[in-house]
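A short worksheet on the structure shown next.
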Amino acid sequence: MDEVPDEVLRVAGVSHRYRHVDALVGVELDVTPGECLALLGPNGAGKTTLIGLATGLLAVQSGEVRVCGRDPRKAVTRRHLGVVQQSMGFPRTERVAELVRGAAVRAGRPASAAGPVLTEVGITDLARRRAGKLSGGQQQRVALAMALVGDPDLLLLDEPTVGLDITARRAFWQTIAARRDAGVGIVLTTHIVEEAAAVADRVVVLHGGRVVAADTPAGLSALLPDRTITARTGLDDAALRALPAVLSVQRDDGGDGNRVRVTSNAPETVLRTWLADDPALADLRVEGAGLEQALIALTGNDEKIGVTA
Amino acid sequence: MSTAVVDGKVLGGGVLGVEVAEGLRAILREPTALFFTVLFPVGMFALFASLFGNRPGPAGIPYAATMVATYGTYGVVSVMLTNPGIRTAEDRTTGWLRVKKVSGAPVGATVAAKVISALPYAVLVVLALAAVSLAVVGPVLGIGTALRLTAVLLLGSLPFALLSLAIGFVASPNATAAILSAVLFPMVIASGLWFPPEMLPPFVDGIAPVLPTYQLAQVALGQLTGADVTGNGLVLLLMTAVAGALAGWAYRNLRV
Ligand SMILES: Nc1ncnc2c1ncn2[C@@H]1O[C@H](COP(=O)(O)OP(=O)(O)OP(=O)(O)O)[C@@H](O)[C@H]1O
Ligand SMILES: [Mg+2]
């Protein structure tokens with residue numbers, strides 16, 4: 001028997017090129033059991049390509065990809081996986097319960113494993129419906145149930161939250177957290193950044209096929225320590241810039257021209273003076289930078305590529 | 001490594017069962033396409049059998065009995081040549097085949113199930129033809145002969161199923177349907193399965209022997225007339241090997 005490796009997913013020095021595009025460049029990434037990794041990045045960043053390599057759909061061109069220490073191109077290895085693909089289809093004629101039972105058997109488990117998973121994902125009421133007639137969000141939940149039913153060691157979920165309503169999303173994140181706590185390794189991509197940050201242990205940001213950041217969600221948010229203060233003001237821009245600890249001032253073009261956005265890394269200091277100087281100050285809001293802003297900063301502007309992992 | 005082998009065994013049986021069940025449901029729940037595939041040969045057979053069925057045919061056996069072999073060839077081939085390929089092409093384009101591939105289950109089981117799940121409908125065609133024949137000329141064929149004929153037709157449909165899959169692996173569902181019909185109908189007519197060969201232009205005689213439908217029909221007829229059809233059987237076997245190689249090549253180039 002092989003030694004059981006520490007990582008359920010190991011991606012080492014992986015590059016992948018399509019005819020005209022370098023989809024991945026020197027990507028390094030590990031996932032250990034019980035770890036949830038959020039793979040973030042703009043459209044075309046290479047997320048689906050990376051998942052495709054891990055699911056064995058794409059052949060590795062350079063570097064190494066291992067799932068539970070084995071080659072994902074081998075069918076047997078893939079039975080350790082639970083996968084939601086970004087684009088997948090169901091046959092029109094199958095019912096939900098039949099699909100999930102089939103997925104259980106394909107993963108080497110008894111068909112009876114389907115029942116509890118339908119409950120876990122909250123789709124028992126859909127069990128007898130034809131999969132082809134379900135709404136997008138409902139189909140997405142069926143896909144999740146099919147990924148979970150094999151009791152995988154590694155979940156690879158490519159945009160599993162697409163089409164889910166708020167309640168379904170909340171349930172989704174609970175399911176993910178529970179599976180992670182049960183020791184499953186999870187890689188998921190999503191564009192709902194703040195929700196991912198709440199559950200993920202680690203965030204890897206891809207941009208142009210490169211890993212531009214890899215950290216905890218908190219660590220990444222801390223890349224941008226600034227806070228944004230928005231308010232209505234009676235002061236002009238020069239007076240605002242003169243306030244202590246102000247980094248930038250931006251006046252909203254619309255409305256009466258009294259709305260401003262002020263950034264600072266010490267908003268309390270700014271506000272102490274501002275409140276004293278400006279009797280017209282109103283509609284005050286202070287916002288943290290958050291992961292989403294960090295992501296925009298990391299990927300929005302090509303010159304900022306190079307923030308090291 | 002040992003788990004892999006054990007896993008493989010566990011997978012083999014269960015997965016094939018699941019795949020065949022899915023295939024049968026697919027045909028049962030959307031039976032329109034196959035309905036016509038069954039209805040057409042049976043309807044034509046009923047018409048011809050009621051017109052010429054009582055005339056003596058090869059080896060003195062009435063036409064309504066020997067035509068079970070020729071129309072049986074046509075009916076079984078039209079089911080097995082169209083259904084597996086079209087359904088494979090559909091599963092490929094919807095992304096369902098990709099889901100199965102990623103699941104780690106053997107894609108061979110999926111593909112084999114496409115062929116196996118179409119077989120009951122081929123049997124249905126033969127049964128319907130036999131029923132019509134029975135009604136027109138009575139029980140001319142013994143039960144043993146009828147069973148042997150059915151077995152020959154089903155086994156002999158393998159090269160057609162393989163060809164069907166080969167097209168379904170590479171072409172879109174619509175293209176697959178079009179290509180397979182374009183292959184089916186000329187082949188069936190030139191092999192003398194619709195009309196007696198005497199009614200066809202003479203040059204067709206030269207073409208017929210290179211057609212697998214002709215060879216299968218000869219083997220099927222041989223079960224009734226007792227003619228020696230070893231040569232036809234061997235040619236059909238060779239054609240099966242060619243279709244198998246073609247399907248294997250298409251399978252290796254399968255993009256899911
Ligand atoms: N089959 C393909 N052939 C050619 N180029 C491709 C192919 N698949 C992806 N690409 C290109 O590779 C790059 C990475 O694509 P990928 O699908 O991995 O991005 P992504 O991060 O998943 O994007 P999204 O958020 O839109 O899903 C893109 O530039 C894309 O156009
Ligand atoms: Mg993608």
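Each chain of the structure tokens is named A, B, ... in the order shown, its residues numbered from 1; ligands are numbered from 1 in display order.
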(request) Using only C-alpha atoms and all ligand atoms, find each residue with an atom at most 7 Å away from ligand 1 and format the answer as a list in words. (result) Tyr18, Arg19, His20, Val21, Asp22, Ala23, Gly41, Pro42, Asn43, Gly44, Ala45, Gly46, Lys47, Thr48, Thr49, Leu50 and Gly209 of chain A
Those same residues - N, CA, C and O atoms - I'd like them written as an mmCIF file, in the first residue's frame.
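Result file part.cif:
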```cif
data_model
loop_
_atom_site.group_PDB
_atom_site.id
_atom_site.type_symbol
_atom_site.label_atom_id
_atom_site.label_comp_id
_atom_site.auth_asym_id
_atom_site.auth_seq_id
_atom_site.Cartn_x
_atom_site.Cartn_y
_atom_site.Cartn_z
ATOM 1 N N TYR A 18 -3.385 26.639 -23.672
ATOM 2 C CA TYR A 18 -4.256 26.310 -24.786
ATOM 3 C C TYR A 18 -3.604 26.898 -26.018
ATOM 4 O O TYR A 18 -2.571 27.563 -25.929
ATOM 5 N N ARG A 19 -4.222 26.733 -27.167
ATOM 6 C CA ARG A 19 -3.573 27.144 -28.399
ATOM 7 C C ARG A 19 -2.981 28.561 -28.337
ATOM 8 O O ARG A 19 -1.833 28.778 -28.686
ATOM 9 N N HIS A 20 -3.807 29.500 -27.862
ATOM 10 C CA HIS A 20 -3.310 30.885 -27.883
ATOM 11 C C HIS A 20 -3.163 31.503 -26.503
ATOM 12 O O HIS A 20 -2.825 32.670 -26.379
ATOM 13 N N VAL A 21 -3.468 30.744 -25.478
ATOM 14 C CA VAL A 21 -3.547 31.336 -24.145
ATOM 15 C C VAL A 21 -2.707 30.549 -23.142
ATOM 16 O O VAL A 21 -2.770 29.320 -23.110
ATOM 17 N N ASP A 22 -1.937 31.272 -22.340
ATOM 18 C CA ASP A 22 -1.319 30.630 -21.178
ATOM 19 C C ASP A 22 -2.339 30.678 -20.060
ATOM 20 O O ASP A 22 -2.513 31.690 -19.397
ATOM 21 N N ALA A 23 -3.047 29.564 -19.845
ATOM 22 C CA ALA A 23 -4.136 29.566 -18.867
ATOM 23 C C ALA A 23 -3.596 29.447 -17.446
ATOM 24 O O ALA A 23 -4.194 29.976 -16.510
ATOM 25 N N GLY A 41 -10.630 34.788 -8.429
ATOM 26 C CA GLY A 41 -9.980 35.448 -9.553
ATOM 27 C C GLY A 41 -11.003 35.795 -10.605
ATOM 28 O O GLY A 41 -12.064 35.179 -10.664
ATOM 29 N N PRO A 42 -10.690 36.782 -11.452
ATOM 30 C CA PRO A 42 -11.664 37.243 -12.445
ATOM 31 C C PRO A 42 -11.909 36.197 -13.521
ATOM 32 O O PRO A 42 -11.226 35.179 -13.572
ATOM 33 N N ASN A 43 -12.890 36.454 -14.386
ATOM 34 C CA ASN A 43 -13.184 35.555 -15.509
ATOM 35 C C ASN A 43 -11.922 35.327 -16.326
ATOM 36 O O ASN A 43 -11.190 36.264 -16.625
ATOM 37 N N GLY A 44 -11.686 34.081 -16.660
ATOM 38 C CA GLY A 44 -10.523 33.767 -17.491
ATOM 39 C C GLY A 44 -9.219 33.668 -16.714
ATOM 40 O O GLY A 44 -8.149 33.553 -17.301
ATOM 41 N N ALA A 45 -9.290 33.688 -15.387
ATOM 42 C CA ALA A 45 -8.076 33.649 -14.571
ATOM 43 C C ALA A 45 -7.391 32.287 -14.623
ATOM 44 O O ALA A 45 -6.200 32.171 -14.363
ATOM 45 N N GLY A 46 -8.160 31.257 -14.944
ATOM 46 C CA GLY A 46 -7.561 29.912 -15.010
ATOM 47 C C GLY A 46 -8.122 28.951 -13.979
ATOM 48 O O GLY A 46 -7.633 27.829 -13.830
ATOM 49 N N LYS A 47 -9.189 29.355 -13.283
ATOM 50 C CA LYS A 47 -9.751 28.529 -12.209
ATOM 51 C C LYS A 47 -10.280 27.197 -12.734
ATOM 52 O O LYS A 47 -9.955 26.131 -12.208
ATOM 53 N N THR A 48 -11.095 27.269 -13.782
ATOM 54 C CA THR A 48 -11.684 26.042 -14.326
ATOM 55 C C THR A 48 -10.609 25.138 -14.920
ATOM 56 O O THR A 48 -10.685 23.913 -14.835
ATOM 57 N N THR A 49 -9.586 25.741 -15.504
ATOM 58 C CA THR A 49 -8.472 24.956 -16.038
ATOM 59 C C THR A 49 -7.794 24.178 -14.917
ATOM 60 O O THR A 49 -7.522 22.981 -15.049
ATOM 61 N N LEU A 50 -7.569 24.837 -13.797
ATOM 62 C CA LEU A 50 -6.929 24.177 -12.654
ATOM 63 C C LEU A 50 -7.805 23.028 -12.136
ATOM 64 O O LEU A 50 -7.313 21.929 -11.868
ATOM 65 N N GLY A 209 -3.598 33.420 -14.924
ATOM 66 C CA GLY A 209 -2.982 32.099 -14.814
ATOM 67 C C GLY A 209 -1.925 31.989 -13.730
ATOM 68 O O GLY A 209 -1.352 30.923 -13.527
#
```
(request) For Gln223 (chain B), work out the shell of residues within 7 Å, counting only C-alpha atoms and skipping chain neighbours fewer than 4 positions away, then give it as a PyMOL selection string. (result) chain B and resi 145+148-149+219
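One finds CA of Gly244 (chain B) at 17.6 Å from CA of Ala89 (chain B).
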Test item: residues at most 8 Å from Ala104 (chain A), only C-alpha atoms, excluding those fewer than 2 positions along its chain, as a CSV table (one decimal) with C-alpha atoms, in the first residue's frame:
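Saved file result10.csv follows:
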```csv
chain,number,residue,atom,x,y,z
A,100,VAL,CA,-28.0,10.7,-7.1
A,101,ARG,CA,-28.4,7.0,-6.7
A,102,GLY,CA,-26.4,6.5,-9.9
A,106,ARG,CA,-20.5,5.0,-9.7
A,107,ALA,CA,-18.5,6.1,-6.7
A,108,GLY,CA,-18.6,2.6,-5.4
A,109,ARG,CA,-21.2,3.2,-2.7
A,110,PRO,CA,-24.6,1.6,-2.2
A,111,ALA,CA,-27.5,3.3,-3.9
A,113,ALA,CA,-26.5,6.5,0.3
A,114,ALA,CA,-28.6,8.8,-1.8
A,146,MET,CA,-24.1,14.0,-6.7
A,149,VAL,CA,-22.9,11.2,-2.3
A,150,GLY,CA,-19.6,9.4,-3.0
```
(request) Write out as JSON, numbers by chain each polymer residue whose atoms come within 7 Å of region 181-198 of chain A, counting only C-alpha atoms; drop sequence neighbours fewer than 5 positions from it. (result) {"A": [8, 31, 32, 33, 34, 35, 36, 37, 38, 39, 40, 47, 153, 154, 155, 156, 157, 158, 159, 161, 217, 291, 292]}
Could you tell me, as an mmCIF file with N, CA and C atoms, in the first residue's frame, which residues of region 105-298 of chain A DSSP assigns to strand (DSSP E) when given the backbone?
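Contents of the output file states_39.cif:
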```cif
data_model
loop_
_atom_site.group_PDB
_atom_site.id
_atom_site.type_symbol
_atom_site.label_atom_id
_atom_site.label_comp_id
_atom_site.auth_asym_id
_atom_site.auth_seq_id
_atom_site.Cartn_x
_atom_site.Cartn_y
_atom_site.Cartn_z
ATOM 1 N N LEU A 154 -11.881 14.602 -1.369
ATOM 2 C CA LEU A 154 -11.625 15.939 -1.907
ATOM 3 C C LEU A 154 -12.825 16.388 -2.720
ATOM 4 N N LEU A 155 -13.338 17.582 -2.379
ATOM 5 C CA LEU A 155 -14.432 18.172 -3.148
ATOM 6 C C LEU A 155 -13.855 19.253 -4.044
ATOM 7 N N LEU A 156 -14.164 19.178 -5.336
ATOM 8 C CA LEU A 156 -13.739 20.211 -6.274
ATOM 9 C C LEU A 156 -15.001 20.856 -6.827
ATOM 10 N N LEU A 157 -15.276 22.076 -6.405
ATOM 11 C CA LEU A 157 -16.555 22.700 -6.731
ATOM 12 C C LEU A 157 -16.300 23.957 -7.557
ATOM 13 N N ASP A 158 -16.650 23.890 -8.835
ATOM 14 C CA ASP A 158 -16.413 25.029 -9.721
ATOM 15 C C ASP A 158 -17.694 25.855 -9.810
ATOM 16 N N GLY A 185 -11.204 17.616 2.270
ATOM 17 C CA GLY A 185 -10.506 18.750 1.662
ATOM 18 C C GLY A 185 -11.415 19.362 0.606
ATOM 19 N N ILE A 186 -11.446 20.688 0.534
ATOM 20 C CA ILE A 186 -12.384 21.342 -0.392
ATOM 21 C C ILE A 186 -11.672 22.439 -1.185
ATOM 22 N N VAL A 187 -11.869 22.427 -2.480
ATOM 23 C CA VAL A 187 -11.449 23.547 -3.318
ATOM 24 C C VAL A 187 -12.693 24.062 -4.005
ATOM 25 N N LEU A 188 -12.980 25.353 -3.854
ATOM 26 C CA LEU A 188 -14.138 25.881 -4.556
ATOM 27 C C LEU A 188 -13.804 27.210 -5.189
ATOM 28 N N THR A 189 -14.438 27.450 -6.339
ATOM 29 C CA THR A 189 -14.312 28.755 -6.975
ATOM 30 C C THR A 189 -15.662 29.444 -6.848
ATOM 31 N N ARG A 202 -8.342 29.210 3.560
ATOM 32 C CA ARG A 202 -7.312 29.865 2.782
ATOM 33 C C ARG A 202 -7.893 30.348 1.473
ATOM 34 N N VAL A 203 -7.311 31.428 0.971
ATOM 35 C CA VAL A 203 -7.746 31.979 -0.313
ATOM 36 C C VAL A 203 -6.542 31.999 -1.238
ATOM 37 N N VAL A 204 -6.731 31.481 -2.448
ATOM 38 C CA VAL A 204 -5.695 31.605 -3.464
ATOM 39 C C VAL A 204 -6.282 32.455 -4.579
ATOM 40 N N VAL A 205 -5.588 33.523 -4.921
ATOM 41 C CA VAL A 205 -6.075 34.413 -5.968
ATOM 42 C C VAL A 205 -5.294 34.152 -7.242
ATOM 43 N N LEU A 206 -6.021 33.790 -8.304
ATOM 44 C CA LEU A 206 -5.415 33.590 -9.620
ATOM 45 C C LEU A 206 -5.690 34.823 -10.467
ATOM 46 N N HIS A 207 -4.696 35.202 -11.245
ATOM 47 C CA HIS A 207 -4.907 36.291 -12.192
ATOM 48 C C HIS A 207 -3.990 36.046 -13.376
ATOM 49 N N ARG A 210 -1.629 33.109 -13.049
ATOM 50 C CA ARG A 210 -0.633 33.068 -11.975
ATOM 51 C C ARG A 210 -1.292 33.207 -10.618
ATOM 52 N N VAL A 211 -0.662 32.610 -9.608
ATOM 53 C CA VAL A 211 -1.118 32.823 -8.245
ATOM 54 C C VAL A 211 -0.572 34.177 -7.817
ATOM 55 N N VAL A 212 -1.461 35.152 -7.611
ATOM 56 C CA VAL A 212 -0.989 36.481 -7.219
ATOM 57 C C VAL A 212 -1.087 36.678 -5.714
ATOM 58 N N ALA A 213 -1.807 35.831 -5.022
ATOM 59 C CA ALA A 213 -1.857 35.918 -3.567
ATOM 60 C C ALA A 213 -2.367 34.602 -3.022
ATOM 61 N N ALA A 214 -1.852 34.217 -1.867
ATOM 62 C CA ALA A 214 -2.335 33.026 -1.180
ATOM 63 C C ALA A 214 -2.200 33.287 0.306
ATOM 64 N N ASP A 215 -3.329 33.319 0.992
ATOM 65 C CA ASP A 215 -3.292 33.716 2.408
ATOM 66 C C ASP A 215 -4.622 33.339 3.051
ATOM 67 N N ARG A 227 -9.640 52.322 5.298
ATOM 68 C CA ARG A 227 -11.095 52.342 5.438
ATOM 69 C C ARG A 227 -11.637 53.450 4.546
ATOM 70 N N THR A 228 -12.860 53.256 4.109
ATOM 71 C CA THR A 228 -13.497 54.302 3.320
ATOM 72 C C THR A 228 -14.585 54.952 4.170
ATOM 73 N N ILE A 229 -14.570 56.297 4.238
ATOM 74 C CA ILE A 229 -15.629 57.033 4.928
ATOM 75 C C ILE A 229 -16.450 57.726 3.848
ATOM 76 N N THR A 230 -17.765 57.435 3.836
ATOM 77 C CA THR A 230 -18.615 58.199 2.914
ATOM 78 C C THR A 230 -19.543 59.060 3.754
ATOM 79 N N ALA A 231 -19.806 60.269 3.269
ATOM 80 C CA ALA A 231 -20.650 61.198 4.038
ATOM 81 C C ALA A 231 -21.081 62.361 3.157
ATOM 82 N N ARG A 232 -22.094 63.137 3.648
ATOM 83 C CA ARG A 232 -22.412 64.450 3.067
ATOM 84 C C ARG A 232 -21.666 65.478 3.891
ATOM 85 N N SER A 248 -7.049 60.168 0.759
ATOM 86 C CA SER A 248 -7.565 60.646 -0.519
ATOM 87 C C SER A 248 -8.989 61.159 -0.341
ATOM 88 N N VAL A 249 -9.385 62.020 -1.242
ATOM 89 C CA VAL A 249 -10.740 62.569 -1.216
ATOM 90 C C VAL A 249 -11.312 62.454 -2.627
ATOM 91 N N GLN A 250 -12.541 61.988 -2.692
ATOM 92 C CA GLN A 250 -13.164 61.842 -4.013
ATOM 93 C C GLN A 250 -14.598 62.320 -3.884
ATOM 94 N N ARG A 251 -15.012 63.247 -4.752
ATOM 95 C CA ARG A 251 -16.360 63.781 -4.661
ATOM 96 C C ARG A 251 -17.254 63.060 -5.651
ATOM 97 N N ARG A 259 -21.707 64.770 -1.631
ATOM 98 C CA ARG A 259 -21.269 63.445 -1.169
ATOM 99 C C ARG A 259 -19.797 63.244 -1.475
ATOM 100 N N VAL A 260 -19.050 62.744 -0.464
ATOM 101 C CA VAL A 260 -17.625 62.495 -0.695
ATOM 102 C C VAL A 260 -17.236 61.112 -0.158
ATOM 103 N N ARG A 261 -16.157 60.585 -0.722
ATOM 104 C CA ARG A 261 -15.536 59.354 -0.206
ATOM 105 C C ARG A 261 -14.124 59.697 0.203
ATOM 106 N N VAL A 262 -13.841 59.435 1.458
ATOM 107 C CA VAL A 262 -12.528 59.772 2.008
ATOM 108 C C VAL A 262 -11.880 58.470 2.474
ATOM 109 N N THR A 263 -10.631 58.239 2.067
ATOM 110 C CA THR A 263 -9.958 57.033 2.560
ATOM 111 C C THR A 263 -8.912 57.418 3.597
ATOM 112 N N SER A 264 -8.698 56.465 4.523
ATOM 113 C CA SER A 264 -7.761 56.729 5.617
ATOM 114 C C SER A 264 -7.404 55.402 6.256
ATOM 115 N N ALA A 282 -23.280 64.601 7.486
ATOM 116 C CA ALA A 282 -24.456 63.733 7.632
ATOM 117 C C ALA A 282 -24.267 62.438 6.837
ATOM 118 N N ASP A 283 -25.185 61.508 7.060
ATOM 119 C CA ASP A 283 -25.155 60.218 6.323
ATOM 120 C C ASP A 283 -23.805 59.519 6.418
ATOM 121 N N LEU A 284 -23.225 59.544 7.591
ATOM 122 C CA LEU A 284 -21.855 59.052 7.766
ATOM 123 C C LEU A 284 -21.803 57.522 7.710
ATOM 124 N N ARG A 285 -20.847 56.990 6.932
ATOM 125 C CA ARG A 285 -20.634 55.525 6.905
ATOM 126 C C ARG A 285 -19.147 55.222 6.816
ATOM 127 N N VAL A 286 -18.707 54.274 7.644
ATOM 128 C CA VAL A 286 -17.314 53.834 7.561
ATOM 129 C C VAL A 286 -17.301 52.371 7.137
ATOM 130 N N GLU A 287 -16.551 52.068 6.065
ATOM 131 C CA GLU A 287 -16.509 50.681 5.583
ATOM 132 C C GLU A 287 -15.087 50.154 5.576
#
```
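Applying a distance limit of 8 Å to only C-alpha atoms, the residues of chain A near chain B read A:Met1, A:Asp2, A:Thr55, A:Gly56, A:Leu57, A:Lys74, A:Ala75, A:Val76, A:Thr77, A:Arg78, A:Arg79, A:Leu81, A:Gly82, A:Val83, A:Gln85, A:Ser87, A:Met88, A:Gly89, A:Phe90, A:Pro91, A:Thr93, A:Glu94, A:Gly102, A:Ala103, A:Val105, A:Arg106, A:Ala107, A:Gly108.
Checking A:Pro160, A:Gly234, A:Gly122, A:Gly115 one by one against Leu144 (chain A), counting only C-alpha atoms, you find the shortest gap at A:Pro160.
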(request) Rank nothing, just name the residue among A:Ala147, A:Leu24, A:Gln86, A:Trp173 nearest to ligand 2, using only C-alpha atoms and all ligand atoms. (result)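 The answer is A:Gln86, which sits nearest to ligand 2.
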(request) Write out as a ChimeraX atom specification each polymer residue whose atoms come within 10 Å of Leu162 (chain B), counting only C-alpha atoms; drop sequence neighbours fewer than 6 positions from it. (result) /B:80-81,84-85,111-112,115,168,240-248
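When only C-alpha atoms and all ligand atoms are used to measure the gap to ligand 2, the shortest distance among A:Asp125, A:Thr216, A:Val270, A:Gly52 belongs to A:Gly52.
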(message) Just want the 12 Å neighbourhood of Ala130 (chain B), counted on only C-alpha atoms, with same-chain residues fewer than 3 positions away dropped. Output as a ChimeraX atom specification.
(response) /B:42,45-46,49,64-72,123-127,133-143,145-147,149-150
Preceding selection exported with C-alpha atoms as a PDB file, in the first residue's frame:
```
ATOM      1  CA  VAL B  42     -43.338  -3.826 -38.866  1.00  0.00           C
ATOM      2  CA  PHE B  45     -43.768  -6.060 -43.362  1.00  0.00           C
ATOM      3  CA  ALA B  46     -47.480  -6.328 -42.577  1.00  0.00           C
ATOM      4  CA  ALA B  49     -46.867 -10.055 -46.050  1.00  0.00           C
ATOM      5  CA  ALA B  64     -44.287 -14.221 -44.950  1.00  0.00           C
ATOM      6  CA  ALA B  65     -41.894 -16.507 -43.052  1.00  0.00           C
ATOM      7  CA  THR B  66     -38.652 -15.807 -44.921  1.00  0.00           C
ATOM      8  CA  MET B  67     -39.403 -12.107 -44.771  1.00  0.00           C
ATOM      9  CA  VAL B  68     -39.133 -12.342 -41.002  1.00  0.00           C
ATOM     10  CA  ALA B  69     -35.434 -12.823 -41.662  1.00  0.00           C
ATOM     11  CA  THR B  70     -35.046  -9.936 -44.125  1.00  0.00           C
ATOM     12  CA  TYR B  71     -37.376  -7.482 -42.392  1.00  0.00           C
ATOM     13  CA  GLY B  72     -35.960  -8.670 -39.085  1.00  0.00           C
ATOM     14  CA  VAL B 123     -36.265  -7.987 -29.659  1.00  0.00           C
ATOM     15  CA  LEU B 124     -39.562  -6.137 -29.776  1.00  0.00           C
ATOM     16  CA  VAL B 125     -39.205  -5.684 -33.546  1.00  0.00           C
ATOM     17  CA  VAL B 126     -38.545  -9.383 -34.068  1.00  0.00           C
ATOM     18  CA  LEU B 127     -41.499 -10.345 -31.867  1.00  0.00           C
ATOM     19  CA  SER B 133     -46.038 -13.745 -39.880  1.00  0.00           C
ATOM     20  CA  LEU B 134     -47.968 -16.050 -37.585  1.00  0.00           C
ATOM     21  CA  ALA B 135     -51.198 -14.251 -38.415  1.00  0.00           C
ATOM     22  CA  VAL B 136     -50.634 -14.459 -42.190  1.00  0.00           C
ATOM     23  CA  VAL B 137     -49.226 -17.960 -42.770  1.00  0.00           C
ATOM     24  CA  GLY B 138     -49.433 -19.679 -39.403  1.00  0.00           C
ATOM     25  CA  PRO B 139     -46.597 -21.380 -37.506  1.00  0.00           C
ATOM     26  CA  VAL B 140     -44.319 -22.283 -40.416  1.00  0.00           C
ATOM     27  CA  LEU B 141     -41.129 -21.676 -38.446  1.00  0.00           C
ATOM     28  CA  GLY B 142     -40.527 -23.960 -35.484  1.00  0.00           C
ATOM     29  CA  ILE B 143     -39.880 -22.337 -32.141  1.00  0.00           C
ATOM     30  CA  THR B 145     -35.740 -21.824 -35.661  1.00  0.00           C
ATOM     31  CA  ALA B 146     -37.414 -18.644 -34.449  1.00  0.00           C
ATOM     32  CA  LEU B 147     -35.148 -18.478 -31.418  1.00  0.00           C
ATOM     33  CA  LEU B 149     -33.079 -16.469 -35.943  1.00  0.00           C
ATOM     34  CA  THR B 150     -33.564 -13.963 -33.110  1.00  0.00           C
TER      35      THR B 150
END
```
(message) Which residues are near Gln139 (chain A)? Cut-off 10 Å, only C-alpha atoms, ignore same chain within fewer than 6 positions. Put them as a PyMOL selection string.
(response) chain A and resi 88-90+96+126+131-133+145+163-164
Please, could you write that set of residues out with all heavy atoms as a tab-separated table (two decimals), in the first residue's frame?
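File produced: result_2.tsv:
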```
chain	number	residue	atom	x	y	z
A	88	MET	N	-22.17	21.49	-16.71
A	88	MET	CA	-22.50	20.07	-16.73
A	88	MET	C	-23.96	19.92	-17.10
A	88	MET	O	-24.75	20.84	-16.99
A	88	MET	CB	-22.20	19.42	-15.38
A	88	MET	CG	-22.92	20.01	-14.19
A	88	MET	SD	-22.28	19.40	-12.61
A	88	MET	CE	-22.91	17.73	-12.56
A	89	GLY	N	-24.32	18.74	-17.59
A	89	GLY	CA	-25.69	18.52	-18.01
A	89	GLY	C	-26.21	17.22	-17.46
A	89	GLY	O	-25.45	16.33	-17.09
A	90	PHE	N	-27.52	17.12	-17.38
A	90	PHE	CA	-28.16	15.87	-16.97
A	90	PHE	C	-29.01	15.37	-18.13
A	90	PHE	O	-29.51	16.17	-18.91
A	90	PHE	CB	-29.10	16.11	-15.78
A	90	PHE	CG	-28.46	16.77	-14.61
A	90	PHE	CD1	-28.91	17.99	-14.15
A	90	PHE	CD2	-27.40	16.16	-13.96
A	90	PHE	CE1	-28.32	18.59	-13.05
A	90	PHE	CE2	-26.80	16.76	-12.86
A	90	PHE	CZ	-27.27	17.98	-12.42
A	96	VAL	N	-34.37	13.09	-10.15
A	96	VAL	CA	-33.30	13.52	-9.26
A	96	VAL	C	-32.77	12.36	-8.42
A	96	VAL	O	-31.56	12.13	-8.33
A	96	VAL	CB	-33.80	14.67	-8.36
A	96	VAL	CG1	-32.81	14.95	-7.24
A	96	VAL	CG2	-34.04	15.92	-9.19
A	126	LEU	N	-37.50	17.34	-4.23
A	126	LEU	CA	-37.29	17.28	-5.68
A	126	LEU	C	-37.03	15.85	-6.16
A	126	LEU	O	-36.89	15.63	-7.36
A	126	LEU	CB	-36.09	18.14	-6.08
A	126	LEU	CG	-36.14	19.63	-5.76
A	126	LEU	CD1	-34.86	20.31	-6.23
A	126	LEU	CD2	-37.34	20.29	-6.41
A	131	ALA	N	-34.83	15.77	-13.81
A	131	ALA	CA	-33.72	16.71	-13.64
A	131	ALA	C	-33.72	17.80	-14.71
A	131	ALA	O	-33.41	18.96	-14.44
A	131	ALA	CB	-32.39	15.97	-13.67
A	132	GLY	N	-34.09	17.43	-15.93
A	132	GLY	CA	-34.07	18.39	-17.02
A	132	GLY	C	-35.08	19.52	-16.86
A	132	GLY	O	-34.96	20.56	-17.49
A	133	LYS	N	-36.10	19.30	-16.00
A	133	LYS	CA	-37.15	20.31	-15.86
A	133	LYS	C	-36.91	21.21	-14.65
A	133	LYS	O	-37.76	22.04	-14.32
A	133	LYS	CB	-38.51	19.61	-15.70
A	133	LYS	CG	-38.86	18.72	-16.90
A	133	LYS	CD	-40.20	19.11	-17.50
A	133	LYS	CE	-40.43	18.46	-18.85
A	133	LYS	NZ	-40.95	17.11	-18.76
A	145	ALA	N	-25.38	17.42	-4.60
A	145	ALA	CA	-25.73	16.14	-3.97
A	145	ALA	C	-24.96	15.00	-4.64
A	145	ALA	O	-24.44	14.11	-3.96
A	145	ALA	CB	-27.24	15.90	-4.09
A	163	GLY	N	-26.55	30.68	-9.31
A	163	GLY	CA	-27.98	30.43	-9.41
A	163	GLY	C	-28.66	30.12	-8.10
A	163	GLY	O	-29.88	29.97	-8.06
A	164	LEU	N	-27.91	30.00	-7.01
A	164	LEU	CA	-28.54	29.70	-5.72
A	164	LEU	C	-29.15	30.97	-5.12
A	164	LEU	O	-28.52	32.03	-5.16
A	164	LEU	CB	-27.52	29.12	-4.73
A	164	LEU	CG	-26.87	27.79	-5.09
A	164	LEU	CD1	-26.04	27.27	-3.92
A	164	LEU	CD2	-27.93	26.76	-5.48
```
(request) Take CA of Trp194 (chain B) and CA of Pro41 (chain B) and report the distance between them in Å, one decimal. (result) 8.8 Å
